Amino acid sequence: MDQDIQLIKRVLAGEKAAFEKIVEKYKGYVFAIIFNFIKDYDEAENIAQEVFLQIYISLPEFKFDNFKGWISRVTANKAIDWKRKKKSKFREETMEYMEAIADKESIREFKTPEDLVIEKEYREKIRKVCKNIPPIYQNVIIKFYFQGKSYEEIAEEEGISVKSVASRLYRGRNILREKWRLEEDETL
């Protein structure tokens with residue numbers, strides 16, 4: 001991590017070669033995150049370029065705390081933005097909806113009656129699928145997505161650390177995605 005901080009300082013001092021080293025170090029990581037959302041190699045490459053441009057532009061605001069986590073968030077946001085624009089398949093729309101809930105700012109968007117009906121259907125289906133995952137993850141997912149509680153509130157209620165909440169949400173979402181896919185396959 002010290003190497004990252006040194007590279008960041010060099011970039012901020014105007015050294016372009018230092019940013020190239022950051023790109024080289026994190027390009028596989030960024031691509032993997034994007035590809036997890038997109039599943040289209042060419043689009044993932046395009047989004048990766050946008051991510052590194054955004055990182056370069058936003059680097060002066062970086063707080064020198066958890067650089068890899070910051071890159072992950074920028075990358076996930078870019079991938080989510082791309083998915084919002086496409087909205088080509090039901091499954092993609094559903095996963096986008098789940099990510100939009102996590103990104104609380106996107107909830108402020110204007111919603112049409114159709115959006116509200118679709119949202120209600122997604123919530124009902126997610127609740128149904130959620131009943132088939134282990135309770136340790138189910139509780140955290142319900143509190144975060146449906147009750148709108150923060151990591152800190154959930155940690156206090158569950159008697160666990162904030163890091164454990166984040167871990168359970170991550171694992172729970174992965175299990176939920178897999179259960180969702182299995183249910184989708186059964187209905188086809």
# chains A, B, ... in the order shown; residues from 1 in each chain; ligands from 1
>>> select_by_dssp(residues="chain A", states="helix (DSSP H, G or I)", output="CSV table (one decimal) with N, CA and C atoms, in the first residue's frame")
chain,number,residue,atom,x,y,z
A,2,ASP,N,2.1,1.2,0.7
A,2,ASP,CA,3.0,2.3,0.6
A,2,ASP,C,3.4,2.7,-0.8
A,3,GLN,N,3.5,1.6,-1.6
A,3,GLN,CA,3.9,1.9,-3.0
A,3,GLN,C,2.8,2.7,-3.7
A,4,ASP,N,1.5,2.4,-3.4
A,4,ASP,CA,0.4,3.1,-4.0
A,4,ASP,C,0.5,4.6,-3.6
A,5,ILE,N,0.7,4.8,-2.3
A,5,ILE,CA,0.8,6.2,-1.9
A,5,ILE,C,1.9,7.0,-2.5
A,6,GLN,N,3.0,6.3,-2.7
A,6,GLN,CA,4.2,7.0,-3.4
A,6,GLN,C,3.8,7.3,-4.8
A,7,LEU,N,3.2,6.3,-5.5
A,7,LEU,CA,2.7,6.5,-6.9
A,7,LEU,C,1.7,7.7,-7.0
A,8,ILE,N,0.8,7.7,-6.1
A,8,ILE,CA,-0.2,8.8,-6.1
A,8,ILE,C,0.4,10.1,-5.9
A,9,LYS,N,1.3,10.2,-5.0
A,9,LYS,CA,2.0,11.5,-4.8
A,9,LYS,C,2.8,11.9,-6.0
A,10,ARG,N,3.4,10.9,-6.7
A,10,ARG,CA,4.2,11.3,-7.9
A,10,ARG,C,3.2,11.7,-9.0
A,11,VAL,N,2.0,11.1,-9.1
A,11,VAL,CA,1.0,11.5,-10.1
A,11,VAL,C,0.6,12.9,-9.8
A,12,LEU,N,0.3,13.2,-8.6
A,12,LEU,CA,-0.2,14.5,-8.2
A,12,LEU,C,0.9,15.6,-8.4
A,16,LYS,N,3.5,11.6,-15.2
A,16,LYS,CA,2.6,10.7,-15.9
A,16,LYS,C,3.0,9.2,-15.9
A,17,ALA,N,4.3,8.9,-15.8
A,17,ALA,CA,4.7,7.5,-15.8
A,17,ALA,C,4.2,6.8,-14.5
A,18,ALA,N,4.1,7.6,-13.4
A,18,ALA,CA,3.6,7.0,-12.2
A,18,ALA,C,2.1,6.5,-12.4
A,19,PHE,N,1.3,7.3,-13.1
A,19,PHE,CA,-0.1,6.9,-13.3
A,19,PHE,C,-0.1,5.6,-14.2
A,20,GLU,N,0.8,5.6,-15.2
A,20,GLU,CA,0.9,4.3,-16.0
A,20,GLU,C,1.2,3.1,-15.1
A,21,LYS,N,2.0,3.3,-14.1
A,21,LYS,CA,2.3,2.2,-13.2
A,21,LYS,C,1.0,1.8,-12.4
A,22,ILE,N,0.2,2.8,-12.0
A,22,ILE,CA,-1.0,2.5,-11.3
A,22,ILE,C,-2.0,1.7,-12.2
A,23,VAL,N,-2.1,2.2,-13.5
A,23,VAL,CA,-2.9,1.5,-14.5
A,23,VAL,C,-2.4,0.0,-14.6
A,24,GLU,N,-1.2,-0.1,-14.8
A,24,GLU,CA,-0.6,-1.5,-15.0
A,24,GLU,C,-0.9,-2.4,-13.8
A,25,LYS,N,-0.7,-1.8,-12.6
A,25,LYS,CA,-1.0,-2.6,-11.4
A,25,LYS,C,-2.4,-3.0,-11.2
A,26,TYR,N,-3.4,-2.1,-11.6
A,26,TYR,CA,-4.8,-2.4,-11.3
A,26,TYR,C,-5.6,-2.7,-12.5
A,27,LYS,N,-5.1,-2.8,-13.7
A,27,LYS,CA,-6.0,-3.0,-14.8
A,27,LYS,C,-6.7,-4.3,-14.8
A,28,GLY,N,-6.0,-5.4,-14.4
A,28,GLY,CA,-6.7,-6.7,-14.2
A,28,GLY,C,-7.8,-6.7,-13.2
A,29,TYR,N,-7.5,-6.0,-12.1
A,29,TYR,CA,-8.5,-5.9,-11.0
A,29,TYR,C,-9.7,-5.2,-11.4
A,30,VAL,N,-9.5,-4.0,-12.1
A,30,VAL,CA,-10.6,-3.2,-12.6
A,30,VAL,C,-11.4,-4.0,-13.6
A,31,PHE,N,-10.7,-4.6,-14.5
A,31,PHE,CA,-11.4,-5.3,-15.6
A,31,PHE,C,-12.3,-6.5,-15.0
A,32,ALA,N,-11.7,-7.2,-14.0
A,32,ALA,CA,-12.5,-8.3,-13.3
A,32,ALA,C,-13.7,-7.8,-12.7
A,33,ILE,N,-13.7,-6.6,-12.0
A,33,ILE,CA,-14.9,-6.1,-11.4
A,33,ILE,C,-15.9,-5.7,-12.5
A,34,ILE,N,-15.5,-5.0,-13.5
A,34,ILE,CA,-16.4,-4.6,-14.6
A,34,ILE,C,-17.0,-5.9,-15.3
A,35,PHE,N,-16.1,-6.8,-15.6
A,35,PHE,CA,-16.6,-8.0,-16.3
A,35,PHE,C,-17.6,-8.8,-15.4
A,36,ASN,N,-17.5,-8.7,-14.1
A,36,ASN,CA,-18.5,-9.4,-13.2
A,36,ASN,C,-19.9,-8.8,-13.4
A,37,PHE,N,-19.9,-7.5,-13.7
A,37,PHE,CA,-21.2,-6.8,-14.0
A,37,PHE,C,-21.7,-7.0,-15.4
A,38,ILE,N,-20.8,-6.8,-16.4
A,38,ILE,CA,-21.1,-6.6,-17.8
A,38,ILE,C,-21.1,-7.9,-18.6
A,41,TYR,N,-16.8,-8.4,-23.2
A,41,TYR,CA,-15.3,-8.1,-23.1
A,41,TYR,C,-15.1,-6.7,-23.7
A,42,ASP,N,-15.6,-6.4,-24.9
A,42,ASP,CA,-15.4,-5.1,-25.5
A,42,ASP,C,-15.9,-4.0,-24.6
A,43,GLU,N,-17.1,-4.1,-24.2
A,43,GLU,CA,-17.7,-3.1,-23.3
A,43,GLU,C,-16.9,-2.9,-22.0
A,44,ALA,N,-16.5,-4.0,-21.5
A,44,ALA,CA,-15.7,-4.0,-20.2
A,44,ALA,C,-14.4,-3.2,-20.4
A,45,GLU,N,-13.8,-3.4,-21.6
A,45,GLU,CA,-12.5,-2.6,-21.9
A,45,GLU,C,-12.8,-1.1,-22.0
A,46,ASN,N,-13.9,-0.8,-22.7
A,46,ASN,CA,-14.3,0.6,-22.8
A,46,ASN,C,-14.6,1.2,-21.4
A,47,ILE,N,-15.3,0.5,-20.6
A,47,ILE,CA,-15.6,1.0,-19.2
A,47,ILE,C,-14.3,1.1,-18.4
A,48,ALA,N,-13.4,0.2,-18.6
A,48,ALA,CA,-12.1,0.2,-17.8
A,48,ALA,C,-11.4,1.5,-18.2
A,49,GLN,N,-11.4,1.9,-19.5
A,49,GLN,CA,-10.7,3.2,-19.8
A,49,GLN,C,-11.4,4.4,-19.2
A,50,GLU,N,-12.7,4.3,-19.1
A,50,GLU,CA,-13.5,5.4,-18.4
A,50,GLU,C,-13.1,5.4,-16.9
A,51,VAL,N,-13.0,4.2,-16.3
A,51,VAL,CA,-12.6,4.2,-14.9
A,51,VAL,C,-11.3,4.8,-14.6
A,52,PHE,N,-10.3,4.5,-15.5
A,52,PHE,CA,-9.0,5.1,-15.2
A,52,PHE,C,-8.9,6.6,-15.5
A,53,LEU,N,-9.7,7.0,-16.4
A,53,LEU,CA,-9.8,8.5,-16.7
A,53,LEU,C,-10.5,9.1,-15.4
A,54,GLN,N,-11.5,8.5,-14.9
A,54,GLN,CA,-12.2,9.0,-13.7
A,54,GLN,C,-11.2,9.0,-12.5
A,55,ILE,N,-10.4,8.0,-12.4
A,55,ILE,CA,-9.5,7.9,-11.3
A,55,ILE,C,-8.4,9.0,-11.4
A,56,TYR,N,-7.9,9.2,-12.6
A,56,TYR,CA,-6.9,10.3,-12.9
A,56,TYR,C,-7.5,11.7,-12.5
A,57,ILE,N,-8.7,11.9,-12.9
A,57,ILE,CA,-9.4,13.2,-12.7
A,57,ILE,C,-9.7,13.4,-11.2
A,58,SER,N,-10.1,12.3,-10.5
A,58,SER,CA,-10.5,12.4,-9.1
A,58,SER,C,-9.4,12.2,-8.1
A,59,LEU,N,-8.2,11.9,-8.6
A,59,LEU,CA,-7.1,11.6,-7.7
A,59,LEU,C,-6.8,12.7,-6.7
A,60,PRO,N,-6.9,14.0,-7.1
A,60,PRO,CA,-6.6,15.0,-6.1
A,60,PRO,C,-7.6,15.0,-4.9
A,61,GLU,N,-8.8,14.4,-5.0
A,61,GLU,CA,-9.7,14.3,-3.9
A,61,GLU,C,-9.5,13.1,-3.1
A,67,PHE,N,-6.8,2.8,-1.0
A,67,PHE,CA,-6.8,3.1,-2.4
A,67,PHE,C,-7.5,2.0,-3.3
A,68,LYS,N,-7.2,0.7,-2.9
A,68,LYS,CA,-7.9,-0.4,-3.7
A,68,LYS,C,-9.4,-0.3,-3.5
A,69,GLY,N,-9.8,-0.1,-2.3
A,69,GLY,CA,-11.3,0.0,-2.1
A,69,GLY,C,-11.9,1.2,-2.8
A,70,TRP,N,-11.2,2.3,-2.9
A,70,TRP,CA,-11.6,3.5,-3.6
A,70,TRP,C,-11.7,3.2,-5.1
A,71,ILE,N,-10.7,2.5,-5.7
A,71,ILE,CA,-10.8,2.1,-7.1
A,71,ILE,C,-11.9,1.1,-7.3
A,72,SER,N,-12.2,0.2,-6.4
A,72,SER,CA,-13.3,-0.7,-6.5
A,72,SER,C,-14.6,0.1,-6.6
A,73,ARG,N,-14.8,1.1,-5.8
A,73,ARG,CA,-16.1,1.8,-5.8
A,73,ARG,C,-16.3,2.6,-7.1
A,74,VAL,N,-15.2,3.3,-7.5
A,74,VAL,CA,-15.2,4.0,-8.8
A,74,VAL,C,-15.6,3.0,-9.9
A,75,THR,N,-15.0,1.9,-9.9
A,75,THR,CA,-15.2,0.9,-11.0
A,75,THR,C,-16.6,0.3,-10.9
A,76,ALA,N,-17.1,0.0,-9.7
A,76,ALA,CA,-18.5,-0.5,-9.6
A,76,ALA,C,-19.5,0.5,-10.0
A,77,ASN,N,-19.2,1.8,-9.7
A,77,ASN,CA,-20.2,2.8,-10.1
A,77,ASN,C,-20.2,3.0,-11.6
A,78,LYS,N,-19.1,2.9,-12.2
A,78,LYS,CA,-19.0,3.1,-13.7
A,78,LYS,C,-19.8,1.9,-14.3
A,79,ALA,N,-19.6,0.7,-13.8
A,79,ALA,CA,-20.2,-0.5,-14.4
A,79,ALA,C,-21.8,-0.4,-14.2
A,80,ILE,N,-22.2,0.1,-13.0
A,80,ILE,CA,-23.6,0.2,-12.7
A,80,ILE,C,-24.2,1.3,-13.6
A,81,ASP,N,-23.5,2.4,-13.8
A,81,ASP,CA,-24.0,3.4,-14.7
A,81,ASP,C,-24.2,2.9,-16.1
A,82,TRP,N,-23.3,2.1,-16.6
A,82,TRP,CA,-23.4,1.5,-17.9
A,82,TRP,C,-24.6,0.6,-18.0
A,83,LYS,N,-24.8,-0.2,-16.9
A,83,LYS,CA,-26.0,-1.1,-16.9
A,83,LYS,C,-27.3,-0.4,-16.9
A,84,ARG,N,-27.3,0.8,-16.2
A,84,ARG,CA,-28.5,1.6,-16.2
A,84,ARG,C,-28.9,2.0,-17.5
A,85,LYS,N,-27.9,2.4,-18.3
A,85,LYS,CA,-28.2,2.9,-19.7
A,85,LYS,C,-28.7,1.8,-20.6
A,86,LYS,N,-28.2,0.6,-20.4
A,86,LYS,CA,-28.6,-0.5,-21.3
A,86,LYS,C,-30.0,-1.1,-21.0
A,90,PHE,N,-34.1,-8.8,-18.4
A,90,PHE,CA,-34.8,-8.8,-17.1
A,90,PHE,C,-33.8,-9.0,-15.9
A,91,ARG,N,-33.0,-10.0,-16.1
A,91,ARG,CA,-32.0,-10.3,-15.0
A,91,ARG,C,-31.1,-9.2,-14.8
A,92,GLU,N,-30.6,-8.5,-15.8
A,92,GLU,CA,-29.7,-7.4,-15.6
A,92,GLU,C,-30.4,-6.2,-14.9
A,93,GLU,N,-31.7,-6.0,-15.3
A,93,GLU,CA,-32.4,-5.0,-14.6
A,93,GLU,C,-32.6,-5.3,-13.1
A,94,THR,N,-32.8,-6.5,-12.8
A,94,THR,CA,-33.0,-7.0,-11.4
A,94,THR,C,-31.7,-6.7,-10.6
A,95,MET,N,-30.6,-7.2,-11.2
A,95,MET,CA,-29.3,-7.0,-10.4
A,95,MET,C,-29.0,-5.5,-10.3
A,96,GLU,N,-29.3,-4.7,-11.4
A,96,GLU,CA,-29.1,-3.3,-11.3
A,96,GLU,C,-29.9,-2.7,-10.2
A,97,TYR,N,-31.1,-3.1,-10.0
A,97,TYR,CA,-32.0,-2.6,-9.0
A,97,TYR,C,-31.4,-2.9,-7.6
A,98,MET,N,-30.8,-4.1,-7.4
A,98,MET,CA,-30.2,-4.4,-6.1
A,98,MET,C,-29.0,-3.5,-5.9
A,99,GLU,N,-28.2,-3.2,-6.9
A,99,GLU,CA,-27.1,-2.4,-6.7
A,99,GLU,C,-27.5,-0.9,-6.5
A,100,ALA,N,-28.6,-0.5,-7.2
A,100,ALA,CA,-29.1,0.8,-7.0
A,100,ALA,C,-29.6,1.1,-5.5
A,101,ILE,N,-30.1,0.0,-4.9
A,101,ILE,CA,-30.5,0.2,-3.5
A,101,ILE,C,-29.3,0.4,-2.7
A,102,ALA,N,-28.2,-0.3,-3.0
A,102,ALA,CA,-26.9,-0.1,-2.2
A,102,ALA,C,-26.4,1.3,-2.4
A,104,LYS,N,-27.4,4.6,-2.4
A,104,LYS,CA,-28.6,5.3,-1.9
A,104,LYS,C,-28.9,6.5,-2.7
A,105,GLU,N,-28.0,7.2,-3.4
A,105,GLU,CA,-28.2,8.4,-4.1
A,105,GLU,C,-29.1,8.1,-5.3
A,106,SER,N,-29.0,6.9,-5.9
A,106,SER,CA,-29.8,6.6,-7.1
A,106,SER,C,-31.3,6.4,-6.8
A,107,ILE,N,-31.6,6.2,-5.5
A,107,ILE,CA,-33.0,6.1,-5.1
A,107,ILE,C,-33.8,7.4,-5.3
A,108,ARG,N,-33.1,8.5,-5.3
A,108,ARG,CA,-33.7,9.8,-5.5
A,108,ARG,C,-34.2,10.1,-6.9
A,113,PRO,N,-45.0,5.3,-12.8
A,113,PRO,CA,-45.8,4.2,-12.2
A,113,PRO,C,-45.3,2.8,-12.6
A,114,GLU,N,-44.9,2.7,-13.9
A,114,GLU,CA,-44.3,1.4,-14.3
A,114,GLU,C,-43.1,1.0,-13.5
A,115,ASP,N,-42.2,2.0,-13.3
A,115,ASP,CA,-41.0,1.7,-12.5
A,115,ASP,C,-41.4,1.2,-11.1
A,116,LEU,N,-42.5,1.8,-10.5
A,116,LEU,CA,-42.9,1.5,-9.2
A,116,LEU,C,-43.5,0.0,-9.1
A,117,VAL,N,-44.2,-0.3,-10.2
A,117,VAL,CA,-44.8,-1.7,-10.3
A,117,VAL,C,-43.6,-2.7,-10.4
A,118,ILE,N,-42.7,-2.4,-11.3
A,118,ILE,CA,-41.5,-3.3,-11.5
A,118,ILE,C,-40.7,-3.4,-10.2
A,119,GLU,N,-40.5,-2.3,-9.5
A,119,GLU,CA,-39.8,-2.3,-8.3
A,119,GLU,C,-40.5,-3.2,-7.3
A,120,LYS,N,-41.8,-3.1,-7.2
A,120,LYS,CA,-42.6,-3.9,-6.2
A,120,LYS,C,-42.4,-5.4,-6.6
A,121,GLU,N,-42.5,-5.7,-7.9
A,121,GLU,CA,-42.3,-7.1,-8.3
A,121,GLU,C,-40.9,-7.6,-7.9
A,122,TYR,N,-39.9,-6.8,-8.2
A,122,TYR,CA,-38.5,-7.2,-7.8
A,122,TYR,C,-38.4,-7.4,-6.4
A,123,ARG,N,-39.0,-6.5,-5.6
A,123,ARG,CA,-38.9,-6.7,-4.1
A,123,ARG,C,-39.5,-8.0,-3.7
A,124,GLU,N,-40.7,-8.3,-4.2
A,124,GLU,CA,-41.4,-9.5,-3.8
A,124,GLU,C,-40.6,-10.7,-4.2
A,125,LYS,N,-40.1,-10.7,-5.4
A,125,LYS,CA,-39.3,-11.9,-5.9
A,125,LYS,C,-38.0,-12.0,-5.1
A,126,ILE,N,-37.4,-10.9,-4.8
A,126,ILE,CA,-36.1,-10.9,-4.0
A,126,ILE,C,-36.4,-11.4,-2.6
A,127,ARG,N,-37.5,-11.0,-2.0
A,127,ARG,CA,-37.9,-11.5,-0.6
A,127,ARG,C,-38.1,-13.0,-0.7
A,128,LYS,N,-38.8,-13.5,-1.8
A,128,LYS,CA,-39.0,-14.9,-1.9
A,128,LYS,C,-37.7,-15.7,-2.0
A,129,VAL,N,-36.8,-15.2,-2.9
A,129,VAL,CA,-35.5,-15.9,-3.1
A,129,VAL,C,-34.7,-15.8,-1.8
A,130,CYS,N,-34.8,-14.7,-1.1
A,130,CYS,CA,-34.1,-14.4,0.1
A,130,CYS,C,-34.4,-15.4,1.2
A,135,PRO,N,-29.9,-17.8,7.2
A,135,PRO,CA,-30.4,-16.7,8.0
A,135,PRO,C,-29.3,-15.6,8.4
A,136,ILE,N,-28.1,-16.1,8.5
A,136,ILE,CA,-27.0,-15.1,8.9
A,136,ILE,C,-26.9,-14.1,7.8
A,137,TYR,N,-27.1,-14.4,6.5
A,137,TYR,CA,-27.0,-13.5,5.4
A,137,TYR,C,-28.4,-12.8,5.2
A,138,GLN,N,-29.4,-13.6,5.3
A,138,GLN,CA,-30.8,-13.1,5.1
A,138,GLN,C,-31.1,-11.9,6.0
A,139,ASN,N,-30.8,-12.0,7.2
A,139,ASN,CA,-31.1,-10.9,8.2
A,139,ASN,C,-30.4,-9.6,7.8
A,140,VAL,N,-29.1,-9.7,7.4
A,140,VAL,CA,-28.4,-8.5,7.0
A,140,VAL,C,-28.9,-7.9,5.7
A,141,ILE,N,-29.2,-8.8,4.7
A,141,ILE,CA,-29.8,-8.3,3.5
A,141,ILE,C,-31.1,-7.6,3.7
A,142,ILE,N,-32.0,-8.2,4.4
A,142,ILE,CA,-33.3,-7.6,4.7
A,142,ILE,C,-33.2,-6.2,5.4
A,143,LYS,N,-32.3,-6.2,6.4
A,143,LYS,CA,-32.1,-4.9,7.1
A,143,LYS,C,-31.5,-3.8,6.2
A,144,PHE,N,-30.6,-4.2,5.4
A,144,PHE,CA,-29.9,-3.2,4.5
A,144,PHE,C,-30.8,-2.8,3.4
A,145,TYR,N,-31.3,-3.7,2.6
A,145,TYR,CA,-32.1,-3.4,1.4
A,145,TYR,C,-33.5,-3.0,1.6
A,146,PHE,N,-34.2,-3.7,2.5
A,146,PHE,CA,-35.6,-3.5,2.7
A,146,PHE,C,-35.9,-2.5,3.8
A,151,TYR,N,-24.8,0.3,7.7
A,151,TYR,CA,-23.9,-0.8,8.2
A,151,TYR,C,-23.8,-0.7,9.7
A,152,GLU,N,-23.7,0.5,10.2
A,152,GLU,CA,-23.5,0.8,11.7
A,152,GLU,C,-24.7,0.3,12.4
A,153,GLU,N,-25.9,0.6,11.9
A,153,GLU,CA,-27.1,0.2,12.6
A,153,GLU,C,-27.3,-1.3,12.7
A,154,ILE,N,-27.0,-1.9,11.5
A,154,ILE,CA,-27.1,-3.4,11.5
A,154,ILE,C,-26.1,-4.0,12.4
A,155,ALA,N,-24.8,-3.5,12.4
A,155,ALA,CA,-23.8,-4.0,13.3
A,155,ALA,C,-24.2,-3.9,14.8
A,156,GLU,N,-24.8,-2.8,15.2
A,156,GLU,CA,-25.3,-2.7,16.5
A,156,GLU,C,-26.4,-3.7,16.9
A,157,GLU,N,-27.4,-3.8,16.0
A,157,GLU,CA,-28.5,-4.7,16.2
A,157,GLU,C,-28.0,-6.2,16.2
A,158,GLU,N,-27.1,-6.5,15.3
A,158,GLU,CA,-26.7,-7.9,15.2
A,158,GLU,C,-25.6,-8.3,16.2
A,162,VAL,N,-18.8,-3.7,11.9
A,162,VAL,CA,-19.2,-3.1,10.6
A,162,VAL,C,-18.6,-3.9,9.5
A,163,LYS,N,-17.4,-4.4,9.7
A,163,LYS,CA,-16.7,-5.2,8.7
A,163,LYS,C,-17.4,-6.5,8.5
A,164,SER,N,-18.0,-7.1,9.5
A,164,SER,CA,-18.7,-8.3,9.4
A,164,SER,C,-20.0,-8.1,8.6
A,165,VAL,N,-20.6,-6.9,8.9
A,165,VAL,CA,-21.8,-6.6,8.1
A,165,VAL,C,-21.5,-6.5,6.6
A,166,ALA,N,-20.4,-5.8,6.3
A,166,ALA,CA,-20.0,-5.7,4.9
A,166,ALA,C,-19.7,-7.1,4.3
A,167,SER,N,-19.1,-7.9,5.0
A,167,SER,CA,-18.8,-9.3,4.6
A,167,SER,C,-20.0,-10.1,4.3
A,168,ARG,N,-21.0,-10.0,5.3
A,168,ARG,CA,-22.2,-10.8,5.2
A,168,ARG,C,-23.0,-10.3,4.0
A,169,LEU,N,-23.1,-9.0,3.8
A,169,LEU,CA,-23.8,-8.4,2.6
A,169,LEU,C,-23.2,-8.9,1.3
A,170,TYR,N,-21.9,-8.9,1.3
A,170,TYR,CA,-21.2,-9.4,0.0
A,170,TYR,C,-21.5,-10.8,-0.2
A,171,ARG,N,-21.3,-11.7,0.8
A,171,ARG,CA,-21.6,-13.1,0.6
A,171,ARG,C,-23.1,-13.4,0.4
A,172,GLY,N,-23.9,-12.7,1.1
A,172,GLY,CA,-25.3,-12.8,0.9
A,172,GLY,C,-25.8,-12.5,-0.5
A,173,ARG,N,-25.3,-11.4,-1.0
A,173,ARG,CA,-25.6,-11.0,-2.4
A,173,ARG,C,-25.2,-12.0,-3.4
A,174,ASN,N,-24.0,-12.6,-3.2
A,174,ASN,CA,-23.5,-13.6,-4.1
A,174,ASN,C,-24.4,-14.9,-4.1
A,175,ILE,N,-24.8,-15.3,-2.9
A,175,ILE,CA,-25.7,-16.4,-2.7
A,175,ILE,C,-27.1,-16.1,-3.3
A,176,LEU,N,-27.5,-14.9,-3.1
A,176,LEU,CA,-28.8,-14.4,-3.6
A,176,LEU,C,-28.8,-14.4,-5.2
A,177,ARG,N,-27.7,-14.0,-5.8
A,177,ARG,CA,-27.6,-14.0,-7.2
A,177,ARG,C,-27.7,-15.4,-7.8
A,178,GLU,N,-27.0,-16.3,-7.1
A,178,GLU,CA,-27.0,-17.7,-7.5
A,178,GLU,C,-28.4,-18.3,-7.4
A,179,LYS,N,-29.0,-18.1,-6.3
A,179,LYS,CA,-30.4,-18.6,-6.1
A,179,LYS,C,-31.3,-18.0,-7.2
A,180,TRP,N,-31.1,-16.7,-7.4
A,180,TRP,CA,-31.9,-16.0,-8.4
A,180,TRP,C,-31.8,-16.7,-9.8
A,181,ARG,N,-30.5,-16.9,-10.2
A,181,ARG,CA,-30.2,-17.6,-11.5
A,181,ARG,C,-30.9,-19.0,-11.5
A,182,LEU,N,-30.8,-19.7,-10.4
A,182,LEU,CA,-31.4,-21.1,-10.4
A,182,LEU,C,-32.9,-21.0,-10.6
A,183,GLU,N,-33.5,-20.0,-9.9
A,183,GLU,CA,-35.0,-19.9,-10.0
A,183,GLU,C,-35.4,-19.4,-11.5
A,184,GLU,N,-34.6,-18.5,-12.0
A,184,GLU,CA,-34.8,-18.1,-13.4
A,184,GLU,C,-34.8,-19.3,-14.4
A,185,ASP,N,-33.7,-20.1,-14.2
A,185,ASP,CA,-33.5,-21.3,-15.1
A,185,ASP,C,-34.7,-22.3,-14.9
A,186,GLU,N,-35.2,-22.4,-13.7
A,186,GLU,CA,-36.4,-23.3,-13.5
A,186,GLU,C,-37.6,-22.8,-14.1
A,187,THR,N,-37.8,-21.5,-14.3
A,187,THR,CA,-39.0,-21.0,-14.8
A,187,THR,C,-39.0,-21.0,-16.4
>>> atom_distance(atom1="CA of Ser161 in chain A", atom2="CA of Ile133 in chain A")
21.1 Å
